[in-house]
Amino acid sequence: MSRQAYFNQLADSWDKRFQTEALSTFIEQLVPTFGLLPGQKILDVGTGTGILIPFLLKAVGPTGQISAIDYAEKMVKICKAKYAHLPNVTVTVQQVEKLDFQSQTFDAVTCFGLFPHIENKEEALRQMNLVLKTNGKLIIAHALSRAEIKAHHHNASSVVAHDELPTAAVMEKLLTQAGFGKIHIIDKPGQYLNLSIKLHVAL
Ligand SMILES: C[S@@+](CC[C@H](N)C(=O)[O-])C[C@H]1O[C@@H](n2cnc3c(N)ncnc32)[C@H](O)[C@@H]1O
């Protein structure tokens, strides 16, 4: 089974499993550490059912805009039903390795729970760099540490059993190659947060 089919299959039960009070509390405390500002344009990649969206909306306020993408159509359908009626939220089916936005559009790109699953990480980083404004922020975050993510995926399904976050050294190399700098990584029990800034256009 492909990862895309795997996530489509999980869509209907996603919110029941993951939209918990504990995760909401975690995200509520996490998002303010992203340093987002009112009026900013944010792209949430691998949005799933849009668990991050209400918290991003709170950070950017009514003058901000959220674009959310996911390659699993069933996730997008649920996300649209929840948020697409809002005037400043747009949800589309897209693959992170083939983003369909103008270059220099977003102030920040958020990847919550996505990065280990991306098949072509170099191309995904290049695409996220292109759609970010210069000095825009890339935010890769999880509610687990790198080691905890590895164990979680190993136990979840053979489809994602080997989906891991790269080591800090590899992450720094990938991000630097894709035009990012000022890289700051927190990796501790119950949290992974990788913040970096677009310094120049990916080559
Ligand atoms: C673990 S889920 C996280 C969903 C959501 N961010 C959350 O925290 O509930 C990963 C999501 O990323 C999507 N995804 C995985 N690889 C992708 C890719 N290459 N392009 C776009 N979406 C992708 C999956 O369809 C899935 O919805």
# chains A, B, ... in the order shown; residues from 1 in each chain; ligands from 1

$ residues_around --residues "A:Gln9" --least-positions-apart "6" --cutoff "10 Å" --atoms "only C-alpha atoms" --output "number ranges by chain"
A: 3, 72, 74-75

$ write_last_selection --atoms "C-alpha atoms" --output "PDB file, in the first residue's frame"
ATOM      1  CA  ARG A   3       1.576   6.083   2.024  1.00  0.00           C
ATOM      2  CA  ALA A  72      -4.696  12.482   0.808  1.00  0.00           C
ATOM      3  CA  LYS A  74     -10.060  12.068   2.162  1.00  0.00           C
ATOM      4  CA  MET A  75      -8.095  14.101   4.718  1.00  0.00           C
TER       5      MET A  75
END

$ residues_near_ligand --ligand "ligand 1" --cutoff "7 Å" --atoms "only C-alpha atoms and all ligand atoms" --output "tab-separated table (two decimals) with C-alpha atoms, in the first residue's frame"
chain	number	residue	atom	x	y	z
A	3	ARG	CA	1.58	6.08	2.02
A	4	GLN	CA	-1.10	8.17	0.29
A	7	PHE	CA	-3.42	8.13	5.07
A	8	ASN	CA	-6.65	8.13	3.03
A	18	PHE	CA	-5.76	12.38	17.53
A	45	VAL	CA	1.69	21.23	4.65
A	46	GLY	CA	0.43	17.72	5.40
A	47	THR	CA	-2.46	19.37	7.21
A	48	GLY	CA	-4.46	16.13	7.48
A	49	THR	CA	-7.85	17.01	8.95
A	50	GLY	CA	-6.47	20.44	9.89
A	51	ILE	CA	-5.70	19.85	13.56
A	52	LEU	CA	-3.24	22.79	13.55
A	69	ILE	CA	-2.49	21.22	1.68
A	70	ASP	CA	-2.42	17.44	1.89
A	71	TYR	CA	-2.06	14.76	-0.79
A	72	ALA	CA	-4.70	12.48	0.81
A	75	MET	CA	-8.10	14.10	4.72
A	94	GLN	CA	-1.41	18.99	-3.24
A	95	GLN	CA	1.80	17.06	-2.80
A	96	VAL	CA	4.54	18.88	-0.91
A	97	GLU	CA	7.10	17.88	-3.55
A	111	CYS	CA	4.90	20.82	8.90
A	112	PHE	CA	3.24	19.17	11.87
A	113	GLY	CA	3.69	15.39	12.02
A	114	LEU	CA	4.65	15.26	8.34
A	117	HIS	CA	6.67	10.58	5.78
A	118	ILE	CA	7.95	12.71	2.88
A	119	GLU	CA	9.50	10.46	0.23

$ residues_around --residues "A:Lys58" --least-positions-apart "5" --cutoff "10 Å" --atoms "only C-alpha atoms" --output "VMD selection string"
chain A and resid 28 31 to 32 36 to 38 53 64

$ residues_around --residues "A:Gln104" --least-positions-apart "5" --cutoff "9 Å" --atoms "only C-alpha atoms" --output "list in words"
Asn129, Leu130, Val131, Leu132, Lys133, Thr134 and Gly136 of chain A

$ write_last_selection --atoms "all heavy atoms" --output "PDB file, in the first residue's frame"
ATOM      1  N   ASN A 129      10.957  26.102   0.320  1.00  0.00           N
ATOM      2  CA  ASN A 129      11.805  27.296   0.237  1.00  0.00           C
ATOM      3  C   ASN A 129      11.268  28.257  -0.819  1.00  0.00           C
ATOM      4  O   ASN A 129      11.156  29.463  -0.577  1.00  0.00           O
ATOM      5  CB  ASN A 129      13.239  26.862  -0.087  1.00  0.00           C
ATOM      6  CG  ASN A 129      14.146  28.037  -0.406  1.00  0.00           C
ATOM      7  OD1 ASN A 129      13.996  28.686  -1.430  1.00  0.00           O
ATOM      8  ND2 ASN A 129      15.089  28.325   0.486  1.00  0.00           N
ATOM      9  N   LEU A 130      10.899  27.732  -1.983  1.00  0.00           N
ATOM     10  CA  LEU A 130      10.456  28.599  -3.086  1.00  0.00           C
ATOM     11  C   LEU A 130       9.209  29.391  -2.726  1.00  0.00           C
ATOM     12  O   LEU A 130       9.099  30.569  -3.059  1.00  0.00           O
ATOM     13  CB  LEU A 130      10.195  27.764  -4.356  1.00  0.00           C
ATOM     14  CG  LEU A 130      11.446  27.210  -5.050  1.00  0.00           C
ATOM     15  CD1 LEU A 130      11.054  26.356  -6.245  1.00  0.00           C
ATOM     16  CD2 LEU A 130      12.372  28.341  -5.488  1.00  0.00           C
ATOM     17  N   VAL A 131       8.256  28.764  -2.037  1.00  0.00           N
ATOM     18  CA  VAL A 131       6.996  29.461  -1.738  1.00  0.00           C
ATOM     19  C   VAL A 131       7.111  30.390  -0.526  1.00  0.00           C
ATOM     20  O   VAL A 131       6.234  31.216  -0.291  1.00  0.00           O
ATOM     21  CB  VAL A 131       5.799  28.484  -1.568  1.00  0.00           C
ATOM     22  CG1 VAL A 131       5.597  27.664  -2.828  1.00  0.00           C
ATOM     23  CG2 VAL A 131       5.958  27.594  -0.354  1.00  0.00           C
ATOM     24  N   LEU A 132       8.196  30.246   0.239  1.00  0.00           N
ATOM     25  CA  LEU A 132       8.423  31.146   1.380  1.00  0.00           C
ATOM     26  C   LEU A 132       9.017  32.465   0.900  1.00  0.00           C
ATOM     27  O   LEU A 132       9.821  32.503  -0.033  1.00  0.00           O
ATOM     28  CB  LEU A 132       9.418  30.515   2.361  1.00  0.00           C
ATOM     29  CG  LEU A 132       8.868  29.644   3.481  1.00  0.00           C
ATOM     30  CD1 LEU A 132      10.026  28.938   4.191  1.00  0.00           C
ATOM     31  CD2 LEU A 132       8.062  30.461   4.485  1.00  0.00           C
ATOM     32  N   LYS A 133       8.639  33.549   1.612  1.00  0.00           N
ATOM     33  CA  LYS A 133       9.303  34.832   1.379  1.00  0.00           C
ATOM     34  C   LYS A 133      10.730  34.730   1.935  1.00  0.00           C
ATOM     35  O   LYS A 133      10.985  33.937   2.856  1.00  0.00           O
ATOM     36  CB  LYS A 133       8.565  35.948   2.123  1.00  0.00           C
ATOM     37  CG  LYS A 133       7.141  36.171   1.638  1.00  0.00           C
ATOM     38  CD  LYS A 133       6.451  37.201   2.527  1.00  0.00           C
ATOM     39  CE  LYS A 133       4.980  37.343   2.160  1.00  0.00           C
ATOM     40  NZ  LYS A 133       4.225  38.183   3.106  1.00  0.00           N
ATOM     41  N   THR A 134      11.630  35.552   1.430  1.00  0.00           N
ATOM     42  CA  THR A 134      12.971  35.618   2.017  1.00  0.00           C
ATOM     43  C   THR A 134      12.818  36.041   3.476  1.00  0.00           C
ATOM     44  O   THR A 134      12.011  36.926   3.792  1.00  0.00           O
ATOM     45  CB  THR A 134      13.843  36.621   1.230  1.00  0.00           C
ATOM     46  OG1 THR A 134      13.832  36.223  -0.134  1.00  0.00           O
ATOM     47  CG2 THR A 134      15.268  36.650   1.754  1.00  0.00           C
ATOM     48  N   GLY A 136      11.438  34.178   5.550  1.00  0.00           N
ATOM     49  CA  GLY A 136      10.284  33.411   6.045  1.00  0.00           C
ATOM     50  C   GLY A 136      10.762  32.209   6.860  1.00  0.00           C
ATOM     51  O   GLY A 136      11.926  31.799   6.783  1.00  0.00           O
TER      52      GLY A 136
END

$ select_by_dssp --residues "stretch 27-183 of chain A" --states "strand (DSSP E or B)" --output "PDB file with N, CA and C atoms, in the first residue's frame"
ATOM      1  N   LYS A  41       0.751  35.261   6.296  1.00  0.00           N
ATOM      2  CA  LYS A  41       0.237  34.185   5.434  1.00  0.00           C
ATOM      3  C   LYS A  41       1.012  32.912   5.764  1.00  0.00           C
ATOM      4  N   ILE A  42       0.259  31.872   6.118  1.00  0.00           N
ATOM      5  CA  ILE A  42       0.893  30.622   6.551  1.00  0.00           C
ATOM      6  C   ILE A  42       0.464  29.486   5.626  1.00  0.00           C
ATOM      7  N   LEU A  43       1.409  28.598   5.302  1.00  0.00           N
ATOM      8  CA  LEU A  43       1.087  27.368   4.577  1.00  0.00           C
ATOM      9  C   LEU A  43       1.284  26.197   5.530  1.00  0.00           C
ATOM     10  N   ASP A  44       0.215  25.407   5.755  1.00  0.00           N
ATOM     11  CA  ASP A  44       0.316  24.203   6.590  1.00  0.00           C
ATOM     12  C   ASP A  44       0.377  22.998   5.655  1.00  0.00           C
ATOM     13  N   VAL A  45       1.541  22.372   5.567  1.00  0.00           N
ATOM     14  CA  VAL A  45       1.694  21.228   4.651  1.00  0.00           C
ATOM     15  C   VAL A  45       1.454  19.916   5.405  1.00  0.00           C
ATOM     16  N   GLN A  65      -3.855  34.790   6.762  1.00  0.00           N
ATOM     17  CA  GLN A  65      -4.425  33.802   5.836  1.00  0.00           C
ATOM     18  C   GLN A  65      -3.732  32.459   6.022  1.00  0.00           C
ATOM     19  N   ILE A  66      -4.541  31.408   6.008  1.00  0.00           N
ATOM     20  CA  ILE A  66      -3.991  30.050   6.102  1.00  0.00           C
ATOM     21  C   ILE A  66      -4.306  29.309   4.807  1.00  0.00           C
ATOM     22  N   SER A  67      -3.258  28.764   4.178  1.00  0.00           N
ATOM     23  CA  SER A  67      -3.445  27.803   3.096  1.00  0.00           C
ATOM     24  C   SER A  67      -3.015  26.455   3.659  1.00  0.00           C
ATOM     25  N   ALA A  68      -3.811  25.431   3.397  1.00  0.00           N
ATOM     26  CA  ALA A  68      -3.490  24.113   3.940  1.00  0.00           C
ATOM     27  C   ALA A  68      -3.517  23.110   2.798  1.00  0.00           C
ATOM     28  N   ILE A  69      -2.511  22.233   2.753  1.00  0.00           N
ATOM     29  CA  ILE A  69      -2.488  21.216   1.684  1.00  0.00           C
ATOM     30  C   ILE A  69      -2.218  19.829   2.270  1.00  0.00           C
ATOM     31  N   ASP A  70      -2.705  18.835   1.544  1.00  0.00           N
ATOM     32  CA  ASP A  70      -2.419  17.439   1.886  1.00  0.00           C
ATOM     33  C   ASP A  70      -2.641  16.622   0.613  1.00  0.00           C
ATOM     34  N   VAL A  89      -9.266  30.844   5.104  1.00  0.00           N
ATOM     35  CA  VAL A  89      -8.670  29.499   5.047  1.00  0.00           C
ATOM     36  C   VAL A  89      -8.944  28.883   3.675  1.00  0.00           C
ATOM     37  N   THR A  90      -7.888  28.358   3.044  1.00  0.00           N
ATOM     38  CA  THR A  90      -8.027  27.650   1.763  1.00  0.00           C
ATOM     39  C   THR A  90      -7.388  26.280   1.920  1.00  0.00           C
ATOM     40  N   VAL A  91      -8.112  25.237   1.494  1.00  0.00           N
ATOM     41  CA  VAL A  91      -7.605  23.865   1.638  1.00  0.00           C
ATOM     42  C   VAL A  91      -7.592  23.198   0.265  1.00  0.00           C
ATOM     43  N   THR A  92      -6.453  22.645  -0.134  1.00  0.00           N
ATOM     44  CA  THR A  92      -6.375  21.994  -1.442  1.00  0.00           C
ATOM     45  C   THR A  92      -5.598  20.679  -1.364  1.00  0.00           C
ATOM     46  N   VAL A  93      -5.875  19.815  -2.345  1.00  0.00           N
ATOM     47  CA  VAL A  93      -5.107  18.574  -2.472  1.00  0.00           C
ATOM     48  C   VAL A  93      -3.827  18.907  -3.238  1.00  0.00           C
ATOM     49  N   PHE A 106       4.550  33.005   1.211  1.00  0.00           N
ATOM     50  CA  PHE A 106       4.217  32.768   2.629  1.00  0.00           C
ATOM     51  C   PHE A 106       5.261  33.319   3.598  1.00  0.00           C
ATOM     52  N   ASP A 107       4.751  33.738   4.772  1.00  0.00           N
ATOM     53  CA  ASP A 107       5.645  34.182   5.851  1.00  0.00           C
ATOM     54  C   ASP A 107       6.186  32.988   6.634  1.00  0.00           C
ATOM     55  N   ALA A 108       5.410  31.907   6.645  1.00  0.00           N
ATOM     56  CA  ALA A 108       5.852  30.696   7.354  1.00  0.00           C
ATOM     57  C   ALA A 108       5.214  29.464   6.731  1.00  0.00           C
ATOM     58  N   VAL A 109       5.956  28.360   6.782  1.00  0.00           N
ATOM     59  CA  VAL A 109       5.419  27.055   6.379  1.00  0.00           C
ATOM     60  C   VAL A 109       5.495  26.150   7.603  1.00  0.00           C
ATOM     61  N   THR A 110       4.366  25.530   7.954  1.00  0.00           N
ATOM     62  CA  THR A 110       4.355  24.602   9.085  1.00  0.00           C
ATOM     63  C   THR A 110       4.202  23.163   8.583  1.00  0.00           C
ATOM     64  N   CYS A 111       4.986  22.264   9.173  1.00  0.00           N
ATOM     65  CA  CYS A 111       4.896  20.817   8.901  1.00  0.00           C
ATOM     66  C   CYS A 111       4.695  20.156  10.245  1.00  0.00           C
ATOM     67  N   PHE A 112       3.486  19.797  10.567  1.00  0.00           N
ATOM     68  CA  PHE A 112       3.241  19.175  11.872  1.00  0.00           C
ATOM     69  C   PHE A 112       2.963  17.685  11.660  1.00  0.00           C
ATOM     70  N   LEU A 132       8.196  30.246   0.239  1.00  0.00           N
ATOM     71  CA  LEU A 132       8.423  31.146   1.380  1.00  0.00           C
ATOM     72  C   LEU A 132       9.017  32.465   0.900  1.00  0.00           C
ATOM     73  N   LYS A 133       8.639  33.549   1.612  1.00  0.00           N
ATOM     74  CA  LYS A 133       9.303  34.832   1.379  1.00  0.00           C
ATOM     75  C   LYS A 133      10.730  34.730   1.935  1.00  0.00           C
ATOM     76  N   THR A 134      11.630  35.552   1.430  1.00  0.00           N
ATOM     77  CA  THR A 134      12.971  35.618   2.017  1.00  0.00           C
ATOM     78  C   THR A 134      12.818  36.041   3.476  1.00  0.00           C
ATOM     79  N   ASN A 135      13.562  35.375   4.350  1.00  0.00           N
ATOM     80  CA  ASN A 135      13.446  35.536   5.816  1.00  0.00           C
ATOM     81  C   ASN A 135      12.193  34.883   6.400  1.00  0.00           C
ATOM     82  N   GLY A 136      11.438  34.178   5.550  1.00  0.00           N
ATOM     83  CA  GLY A 136      10.284  33.411   6.045  1.00  0.00           C
ATOM     84  C   GLY A 136      10.762  32.209   6.860  1.00  0.00           C
ATOM     85  N   LYS A 137       9.825  31.659   7.627  1.00  0.00           N
ATOM     86  CA  LYS A 137      10.186  30.631   8.607  1.00  0.00           C
ATOM     87  C   LYS A 137       9.658  29.249   8.214  1.00  0.00           C
ATOM     88  N   LEU A 138      10.518  28.248   8.303  1.00  0.00           N
ATOM     89  CA  LEU A 138      10.078  26.857   8.136  1.00  0.00           C
ATOM     90  C   LEU A 138       9.998  26.229   9.525  1.00  0.00           C
ATOM     91  N   ILE A 139       8.841  25.633   9.835  1.00  0.00           N
ATOM     92  CA  ILE A 139       8.610  25.073  11.171  1.00  0.00           C
ATOM     93  C   ILE A 139       8.268  23.595  11.024  1.00  0.00           C
ATOM     94  N   ILE A 140       9.147  22.746  11.524  1.00  0.00           N
ATOM     95  CA  ILE A 140       8.905  21.302  11.485  1.00  0.00           C
ATOM     96  C   ILE A 140       8.687  20.876  12.933  1.00  0.00           C
ATOM     97  N   ALA A 141       7.493  20.351  13.243  1.00  0.00           N
ATOM     98  CA  ALA A 141       7.189  20.089  14.658  1.00  0.00           C
ATOM     99  C   ALA A 141       6.465  18.756  14.834  1.00  0.00           C
ATOM    100  N   HIS A 142       6.683  18.186  16.001  1.00  0.00           N
ATOM    101  CA  HIS A 142       6.026  16.925  16.394  1.00  0.00           C
ATOM    102  C   HIS A 142       5.735  16.948  17.883  1.00  0.00           C
ATOM    103  N   PHE A 180      18.145  27.253   3.614  1.00  0.00           N
ATOM    104  CA  PHE A 180      17.744  27.672   4.959  1.00  0.00           C
ATOM    105  C   PHE A 180      18.959  27.847   5.865  1.00  0.00           C
ATOM    106  N   GLY A 181      18.789  28.676   6.894  1.00  0.00           N
ATOM    107  CA  GLY A 181      19.848  28.867   7.889  1.00  0.00           C
ATOM    108  C   GLY A 181      19.227  29.215   9.224  1.00  0.00           C
ATOM    109  N   LYS A 182      20.084  29.680  10.155  1.00  0.00           N
ATOM    110  CA  LYS A 182      19.645  30.016  11.525  1.00  0.00           C
ATOM    111  C   LYS A 182      18.815  28.853  12.090  1.00  0.00           C
ATOM    112  N   ILE A 183      19.339  27.644  11.930  1.00  0.00           N
ATOM    113  CA  ILE A 183      18.590  26.425  12.288  1.00  0.00           C
ATOM    114  C   ILE A 183      18.637  26.209  13.798  1.00  0.00           C
TER     115      ILE A 183
END
